[in-house]
Every structure is written in C-alpha cells, then in structure tokens.
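Enquirer: Coordinates in upload30.json, JSON, C-alpha atoms, are listed below.
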[["chain", "number", "residue", "atom", "x", "y", "z"],
["A", 1, "MET", "CA", 17.34, -12.63, 3.07],
["A", 2, "PRO", "CA", 14.15, -13.74, 1.32],
["A", 3, "TYR", "CA", 11.46, -15.22, 3.51],
["A", 4, "THR", "CA", 10.23, -18.76, 2.97],
["A", 5, "GLU", "CA", 6.88, -17.96, 1.40],
["A", 6, "GLU", "CA", 8.21, -15.30, -0.95],
["A", 7, "ASN", "CA", 7.75, -17.31, -4.14],
["A", 8, "GLU", "CA", 4.28, -18.37, -3.03],
["A", 9, "ASP", "CA", 3.31, -14.74, -2.50],
["A", 10, "ALA", "CA", 4.61, -13.82, -5.95],
["A", 11, "LYS", "CA", 2.52, -16.63, -7.46],
["A", 12, "TRP", "CA", -0.50, -15.58, -5.40],
["A", 13, "ILE", "CA", -0.34, -12.09, -6.90],
["A", 14, "ARG", "CA", -0.31, -13.54, -10.42],
["A", 15, "SER", "CA", -3.17, -15.92, -9.64],
["A", 16, "ASN", "CA", -5.31, -13.15, -8.17],
["A", 17, "TYR", "CA", -4.31, -10.45, -10.59],
["A", 18, "GLU", "CA", -7.80, -9.49, -11.75],
["A", 19, "MET", "CA", -9.15, -9.14, -8.23],
["A", 20, "LEU", "CA", -6.13, -7.14, -7.14],
["A", 21, "GLN", "CA", -6.22, -4.94, -10.23],
["A", 22, "GLU", "CA", -9.86, -4.09, -9.58],
["A", 23, "LYS", "CA", -9.33, -3.40, -5.89],
["A", 24, "TYR", "CA", -5.96, -1.67, -6.01],
["A", 25, "SER", "CA", -5.98, 0.01, -9.42],
["A", 26, "ASP", "CA", -2.88, 2.15, -9.97],
["A", 27, "MET", "CA", -1.55, 1.37, -6.49],
["A", 28, "TYR", "CA", 1.65, -0.20, -5.25],
["A", 29, "ILE", "CA", 0.94, -3.19, -3.03],
["A", 30, "ALA", "CA", 2.91, -5.18, -0.46],
["A", 31, "VAL", "CA", 1.96, -8.83, -0.04],
["A", 32, "PHE", "CA", 2.93, -11.07, 2.85],
["A", 33, "LYS", "CA", 1.62, -14.60, 3.34],
["A", 34, "LYS", "CA", -1.00, -14.16, 0.60],
["A", 35, "LYS", "CA", -2.44, -10.99, 2.09],
["A", 36, "VAL", "CA", -2.14, -7.40, 0.92],
["A", 37, "ILE", "CA", -0.62, -5.76, 3.99],
["A", 38, "ALA", "CA", -0.25, -2.28, 2.47],
["A", 39, "ALA", "CA", -1.40, -0.41, -0.61],
["A", 40, "SER", "CA", -0.84, 3.16, -1.67],
["A", 41, "ASN", "CA", -0.42, 5.42, -4.67],
["A", 42, "SER", "CA", 2.88, 6.44, -3.08],
["A", 43, "PHE", "CA", 5.71, 3.90, -3.18],
["A", 44, "LYS", "CA", 7.29, 5.33, -0.04],
["A", 45, "ASP", "CA", 4.01, 5.34, 1.85],
["A", 46, "MET", "CA", 3.28, 1.75, 0.83],
["A", 47, "ARG", "CA", 6.67, 0.58, 2.10],
["A", 48, "GLU", "CA", 6.42, 2.46, 5.37],
["A", 49, "ARG", "CA", 3.01, 0.98, 6.06],
["A", 50, "ALA", "CA", 4.13, -2.52, 5.12],
["A", 51, "LYS", "CA", 7.25, -2.35, 7.30],
["A", 52, "LYS", "CA", 5.07, -1.71, 10.34],
["A", 53, "ILE", "CA", 3.44, -5.09, 9.73],
["A", 54, "SER", "CA", 6.25, -7.27, 8.38],
["A", 55, "GLU", "CA", 9.99, -7.06, 7.87],
["A", 56, "HIS", "CA", 9.69, -8.78, 4.48],
["A", 57, "PHE", "CA", 7.07, -8.70, 1.73],
["A", 58, "VAL", "CA", 6.71, -8.87, -2.04],
["A", 59, "ILE", "CA", 6.14, -5.58, -3.85],
["A", 60, "SER", "CA", 3.95, -5.32, -6.92],
["A", 61, "GLN", "CA", 1.83, -2.75, -8.70],
["A", 62, "MET", "CA", -1.61, -2.88, -10.26],
["A", 63, "ILE", "CA", -1.96, -0.76, -13.38],
["A", 64, "GLY", "CA", -5.41, 0.59, -14.24],
["A", 65, "GLU", "CA", -6.87, 0.19, -17.72],
["A", 66, "SER", "CA", -6.74, 3.91, -18.47],
["A", 67, "ARG", "CA", -2.99, 4.08, -18.08],
["A", 68, "VAL", "CA", -0.75, 3.83, -21.13],
["A", 69, "LEU", "CA", 2.78, 2.76, -20.37],
["B", 1, "MET", "CA", -17.98, -1.35, -14.27],
["B", 2, "SER", "CA", -15.08, 0.33, -15.98],
["B", 3, "LYS", "CA", -15.45, 3.01, -18.63],
["B", 4, "LEU", "CA", -14.10, 0.66, -21.27],
["B", 5, "SER", "CA", -16.67, -1.96, -20.24],
["B", 6, "GLU", "CA", -19.43, 0.63, -20.72],
["B", 7, "LEU", "CA", -18.37, 0.99, -24.35],
["B", 8, "VAL", "CA", -19.23, -2.60, -25.13],
["B", 9, "LYS", "CA", -22.38, -2.68, -22.97],
["B", 10, "GLY", "CA", -25.30, -4.04, -24.91],
["B", 11, "LEU", "CA", -23.16, -5.50, -27.64],
["B", 12, "ASP", "CA", -23.24, -8.95, -26.09],
["B", 13, "LYS", "CA", -19.52, -8.77, -25.68],
["B", 14, "GLU", "CA", -17.17, -8.60, -22.76],
["B", 15, "LEU", "CA", -13.79, -6.99, -22.63],
["B", 16, "PRO", "CA", -11.09, -9.60, -22.89],
["B", 17, "ARG", "CA", -9.21, -10.26, -19.69],
["B", 18, "THR", "CA", -5.76, -8.80, -19.89],
["B", 19, "HIS", "CA", -2.75, -9.13, -17.67],
["B", 20, "GLN", "CA", 0.36, -7.13, -17.26],
["B", 21, "ILE", "CA", 3.36, -9.44, -17.58],
["B", 22, "LEU", "CA", 5.02, -9.43, -14.16],
["B", 23, "ILE", "CA", 8.70, -10.30, -13.84],
["B", 24, "ASP", "CA", 10.14, -11.11, -10.41],
["B", 25, "VAL", "CA", 13.31, -9.18, -9.71],
["B", 26, "ARG", "CA", 15.48, -8.24, -6.80],
["B", 27, "PHE", "CA", 17.79, -5.24, -6.35],
["B", 28, "LYS", "CA", 20.94, -4.85, -4.27],
["B", 29, "ARG", "CA", 20.53, -2.39, -1.42],
["B", 30, "LYS", "CA", 23.11, 0.12, -0.20],
["B", 31, "ASP", "CA", 24.09, -2.25, 2.60],
["B", 32, "GLY", "CA", 24.90, -4.98, 0.07],
["B", 33, "VAL", "CA", 21.89, -7.11, 1.01],
["B", 34, "TRP", "CA", 19.37, -8.12, -1.64],
["B", 35, "ALA", "CA", 16.05, -6.32, -1.26],
["B", 36, "ASP", "CA", 12.74, -8.14, -1.06],
["B", 37, "LYS", "CA", 11.28, -9.49, -4.26],
["B", 38, "MET", "CA", 9.62, -6.95, -6.53],
["B", 39, "GLN", "CA", 7.35, -7.62, -9.47],
["B", 40, "MET", "CA", 8.06, -5.34, -12.40],
["B", 41, "ILE", "CA", 5.85, -4.92, -15.43],
["B", 42, "LEU", "CA", 7.52, -6.07, -18.62],
["B", 43, "ASP", "CA", 7.49, -3.11, -21.00],
["B", 44, "THR", "CA", 8.56, -4.30, -24.42],
["B", 45, "GLY", "CA", 8.12, -0.75, -25.71],
["B", 46, "ALA", "CA", 10.73, 0.69, -23.36],
["B", 47, "VAL", "CA", 14.49, 0.49, -23.56],
["B", 48, "ILE", "CA", 15.19, 1.60, -20.02],
["B", 49, "SER", "CA", 13.54, 0.40, -16.82],
["B", 50, "MET", "CA", 11.75, 2.76, -14.42],
["B", 51, "LEU", "CA", 11.41, 2.78, -10.68],
["B", 52, "PRO", "CA", 10.07, 5.21, -8.08],
["B", 53, "MET", "CA", 12.56, 7.82, -6.85],
["B", 54, "ALA", "CA", 12.14, 6.70, -3.24],
["B", 55, "TRP", "CA", 13.73, 3.37, -4.19],
["B", 56, "TYR", "CA", 16.86, 5.12, -5.51],
["B", 57, "TYR", "CA", 17.86, 6.22, -2.02],
["B", 58, "GLU", "CA", 17.76, 2.65, -0.74],
["B", 59, "LEU", "CA", 19.58, 0.89, -3.55],
["B", 60, "GLU", "CA", 23.27, 0.54, -4.29],
["B", 61, "ALA", "CA", 23.36, 2.86, -7.27],
["B", 62, "SER", "CA", 26.00, 4.66, -9.28],
["B", 63, "GLU", "CA", 26.11, 8.42, -9.48],
["B", 64, "SER", "CA", 23.03, 9.51, -11.38],
["B", 65, "VAL", "CA", 22.66, 11.64, -14.49],
["B", 66, "GLU", "CA", 19.66, 13.71, -15.50],
["B", 67, "TYR", "CA", 17.80, 12.15, -18.40],
["B", 68, "LYS", "CA", 14.58, 13.19, -20.14],
["B", 69, "LEU", "CA", 12.09, 10.47, -21.00],
["B", 70, "TYR", "CA", 9.08, 10.74, -23.28],
["B", 71, "GLY", "CA", 5.90, 8.73, -23.55],
["B", 72, "VAL", "CA", 3.08, 8.91, -26.06],
["B", 73, "ASN", "CA", 3.45, 12.67, -26.50],
["B", 74, "ARG", "CA", 6.92, 13.89, -27.54],
["B", 75, "GLY", "CA", 6.11, 17.43, -26.43],
["B", 76, "GLU", "CA", 8.44, 19.05, -23.94],
["B", 77, "GLU", "CA", 5.52, 19.60, -21.58],
["B", 78, "CYS", "CA", 5.03, 15.83, -21.37],
["B", 79, "SER", "CA", 8.66, 14.89, -20.80],
["B", 80, "LEU", "CA", 9.81, 13.39, -17.53],
["B", 81, "ASP", "CA", 12.95, 14.68, -15.85],
["B", 82, "THR", "CA", 14.35, 11.45, -14.50],
["B", 83, "LEU", "CA", 17.59, 10.47, -12.82],
["B", 84, "VAL", "CA", 19.32, 7.51, -14.46],
["B", 85, "ALA", "CA", 21.73, 5.37, -12.47],
["B", 86, "GLN", "CA", 23.27, 1.93, -12.70],
["B", 87, "VAL", "CA", 21.95, -0.61, -10.21],
["B", 88, "THR", "CA", 22.52, -4.29, -9.61],
["B", 89, "MET", "CA", 19.62, -6.63, -10.04],
["B", 90, "VAL", "CA", 18.86, -10.33, -10.08],
["B", 91, "LEU", "CA", 16.45, -12.18, -12.32],
["B", 92, "GLU", "CA", 15.57, -15.82, -12.12],
["B", 93, "ASP", "CA", 14.98, -17.99, -15.15],
["B", 94, "GLU", "CA", 12.40, -20.74, -15.39],
["B", 95, "GLU", "CA", 14.74, -23.19, -13.70],
["B", 96, "ASN", "CA", 15.22, -20.84, -10.74],
["B", 97, "ARG", "CA", 18.79, -20.11, -11.74],
["B", 98, "SER", "CA", 19.58, -16.55, -10.80],
["B", 99, "CYS", "CA", 21.39, -14.13, -13.03],
["B", 100, "GLU", "CA", 22.95, -11.06, -11.42],
["B", 101, "PHE", "CA", 23.88, -8.07, -13.56],
["B", 102, "ASP", "CA", 24.15, -4.30, -13.65],
["B", 103, "THR", "CA", 21.67, -2.27, -15.63],
["B", 104, "PHE", "CA", 20.46, 1.30, -15.99],
["B", 105, "VAL", "CA", 17.24, 2.44, -14.39],
["B", 106, "ALA", "CA", 15.41, 5.77, -14.63],
["B", 107, "PHE", "CA", 14.09, 6.96, -11.29],
["B", 108, "TYR", "CA", 11.11, 9.29, -11.18],
["B", 109, "GLU", "CA", 8.64, 10.28, -8.45],
["B", 110, "ASP", "CA", 6.05, 7.49, -8.13],
["B", 111, "ALA", "CA", 6.87, 5.91, -11.48],
["B", 112, "PRO", "CA", 5.39, 2.56, -12.45],
["B", 113, "LEU", "CA", 7.60, -0.47, -11.89],
["B", 114, "LEU", "CA", 8.62, -0.95, -15.52],
["B", 115, "LEU", "CA", 11.17, -3.45, -16.75],
["B", 116, "GLY", "CA", 12.60, -2.22, -20.03],
["B", 117, "MET", "CA", 14.22, -4.39, -22.64],
["B", 118, "MET", "CA", 17.78, -3.32, -21.79],
["B", 119, "ALA", "CA", 17.55, -5.31, -18.58],
["B", 120, "LEU", "CA", 16.54, -8.40, -20.51],
["B", 121, "SER", "CA", 19.14, -8.20, -23.25],
["B", 122, "ARG", "CA", 20.94, -11.35, -22.05],
["B", 123, "PHE", "CA", 17.76, -13.42, -21.81],
["B", 124, "ASP", "CA", 15.72, -15.29, -24.36],
["B", 125, "ILE", "CA", 12.09, -14.40, -23.67],
["B", 126, "GLU", "CA", 8.95, -16.36, -24.44],
["B", 127, "ILE", "CA", 5.76, -14.43, -23.77],
["B", 128, "ASN", "CA", 2.11, -15.39, -23.80],
["B", 129, "SER", "CA", -0.82, -13.25, -22.70],
["B", 130, "GLU", "CA", -0.24, -13.90, -19.01],
["B", 131, "PHE", "CA", 3.42, -14.53, -18.32],
["B", 132, "ALA", "CA", 6.92, -14.56, -19.69],
["B", 133, "ILE", "CA", 9.52, -17.29, -19.50],
["B", 134, "LEU", "CA", 13.10, -16.11, -19.29],
["B", 135, "LYS", "CA", 16.02, -18.28, -20.34],
["B", 136, "TRP", "CA", 19.69, -17.53, -20.23],
["B", 137, "GLU", "CA", 22.78, -19.52, -20.93]]
Could you render the structure from this file as structure tokens?
Expert:
Amino acid sequence: MPYTEENEDAKWIRSNYEMLQEKYSDMYIAVFKKKVIAASNSFKDMRERAKKISEHFVISQMIGESRVL
Amino acid sequence: MSKLSELVKGLDKELPRTHQILIDVRFKRKDGVWADKMQMILDTGAVISMLPMAWYYELEASESVEYKLYGVNRGEECSLDTLVAQVTMVLEDEENRSCEFDTFVAFYEDAPLLLGMMALSRFDIEINSEFAILKWE
C-alpha cells in the first residue's frame, strides 16, 4: 500500500531535481518524507539500505550530464 | 563545475538547466501487491523500457527471453544482453486516474530506469522541458 506522503515525495524530487542531480549524479535514490534515505550506484544496494530505514519510499534516479540514454 | 560548464567558461554564457522527464509508475510484485512508487525517465528514443535486473526478481513477470539491445554504437561489443519479460504496471494521468496494463521491459544489471514509448502507447502525451502530462481515455 502506498504511504500517505508518497505523492508529496515524488513532487519534492521534481522540485529539487537540480540539487539532487548534482549531489547524486548517476545514482539511484530512495526518498521518504522529503529526505534522501539511501543512494547508491547499485539498485539492490540502494533498496537494501532504504529498507533498513523505512518500509516505503519513492525510488528515482539522477542521470549525470555525461550519460547518453 | 561540470566539464560541460567548463566549455562555456568565459563566454558569458551558462549551460541551460535541463531536466529528465520523470514519470511516476508502479509495478506489481510477485505477491500481487503494488510496489512503491518509482520515477522512470521518459525515453522518447526507446521502444522498450529498461529496469535493473534486481527488480526482475521482485516483480510479477512472465518467463523472460534473451534480447540484445543497442545504444549509440551498433557494434556487437556495445550491445547489452538483456532479459525481456512482461510485467504489470500502473500509470496515473493528470487527473490521478490510474491505468493498469501489461508491457514488456528489458532487465539489465544496474540499468537506468527508462520508460520507453511502448509503455505509453495508450496515452496521449504532452511534454515541455520539465514534465509530461499523460492523458488516456
């Protein structure tokens, strides 16, 4: 089940995209209650770290400028 | 300062701010419960979506098939040996109506969270430089 602040966290990521992109370039991030609770270049590692802090969180990824997708 | 920023240093210019277009999605897990919200990067240049392989083992997915994907370089040495499987996902349109459907996703190591156009085939999409609005009937 989604947690109450899920949509707010998704909006927070969009609103703070530049800051997050600079700080977490090319990393997966987990956000809970407007805080990055885990970040890693490994998706599995990011999730394992995040789960130790919260049962639920929003997952996103910050792509660095040198990466062509 | 980024390497690209160094290129324009002294030219009285700044690099324009750019955003990836993030689309909020949710996938069905093996236990039938919807996973937490995930933001995927809209990739209008890709047909198929991509996700990290670790996610494959947690999602309700069909049997997978091996599938080679290519990026900028079509050379064999630059191909990605992915596993493609059908998964169930949910997207929400601008009026928070959710649309559940099955789509194909390529799973690969720590792949970027890319939402290809196949997943959006039933949506009308309006895009500006920061976000996309999805509409469906």
Enquirer: CA of Leu4 (chain B) and CA of Arg17 (chain B) are how many Å apart?
Expert: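 Atom-to-atom, CA of Leu4 (chain B) and CA of Arg17 (chain B) are spaced 12.1 Å apart.
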Enquirer: Between B:Ser129, B:Val84, B:Pro112, B:Ala61, which has the minimum distance to Ile63 (chain A) (counting all atoms listed in the file)?
Expert: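 For Ile63 (chain A), the nearest of the given residues is B:Pro112.
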Enquirer: Could the centre and edge lengths of an axis-aligned box, enclosing all atoms of region 35-38 of chain B in the file with 6 Å extra on each side, be given in Å to one decimal as JSON?
Expert:
{"center_x": 12.8, "center_y": -7.9, "center_z": -3.8, "size_x": 18.4, "size_y": 15.2, "size_z": 17.5}
Enquirer: Find, counting only C-alpha atoms, the residue in B:Thr88, B:Gly75, B:Thr82, B:Leu15 that gets nearest to Arg29 (chain B).
Expert: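 Between B:Thr88, B:Gly75, B:Thr82, B:Leu15, the residue approaching Arg29 (chain B) most closely is B:Thr88.
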Enquirer: Contacts of Pro52 (chain B) at 6 Å or less, counting only C-alpha atoms, minus same-chain residues fewer than 4 places along, as a list in words?
Expert: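 Those residues are Phe107, Tyr108, Glu109, Asp110 and Ala111 of chain B.
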Enquirer: How close does each residue of chain B get to chain A, giving the shortest atom pair and distance in Å to one decimal for every residue with an atom at most 6 Å away, counting all atoms listed in the file, sorted by chain and residue number, as a tab-separated table?
Expert:
residue	atom	partner	partner_atom	distance
B:Lys37	CA	A:Val58	CA	5.1
B:Met38	CA	A:Ile59	CA	4.6
B:Gln39	CA	A:Ser60	CA	4.8
B:Ala54	CA	A:Lys44	CA	6.0
Enquirer: Using only C-alpha atoms, which of the listed residues (A:Glu48, A:Lys33, A:Arg67, A:Ala39) sits closest to Thr4 (chain A)?
Expert: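 Smallest separation from Thr4 (chain A) among the options: A:Lys33.
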Enquirer: Compile the contact shell of Ser54 (chain A) as a ChimeraX atom specification: residues with an atom at most 10 Å away, counting only C-alpha atoms, same-chain residues fewer than 4 positions apart removed.
Expert: /A:30-32,37,49-50
Enquirer: Residues within 12 Å of (23.8, 2.4, -3.0), file coordinates, counting all atoms listed in the file: what are they? Give the list as a ChimeraX atom specification.
Expert: /B:27-35,55-64,85-88
Enquirer: Could you state the separation of CA of Val105 (chain B) and CA of Ser15 (chain A) in Å, given to one decimal place?
Expert: 27.9 Å
Enquirer: Please compute the CA of Gly71 (chain B)-CA of Ile48 (chain B) distance, one decimal, in Å.
Expert: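 These atoms are spaced 12.2 Å apart.
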Enquirer: For the point (18.2, -0.7, -22.9) in the file's frame, write as a PyMOL selection string all residues with an atom no more than 6 Å away, counting only C-alpha atoms.
Expert: chain B and resi 47-48+117-118
Enquirer: Point out the residue among B:Thr44, B:Met50, B:Leu115, B:Leu91 with the least atom-to-atom distance to Trp136 (chain B), counting all atoms listed in the file.
Expert: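 Closest to Trp136 (chain B), using all atoms listed in the file: B:Leu91.
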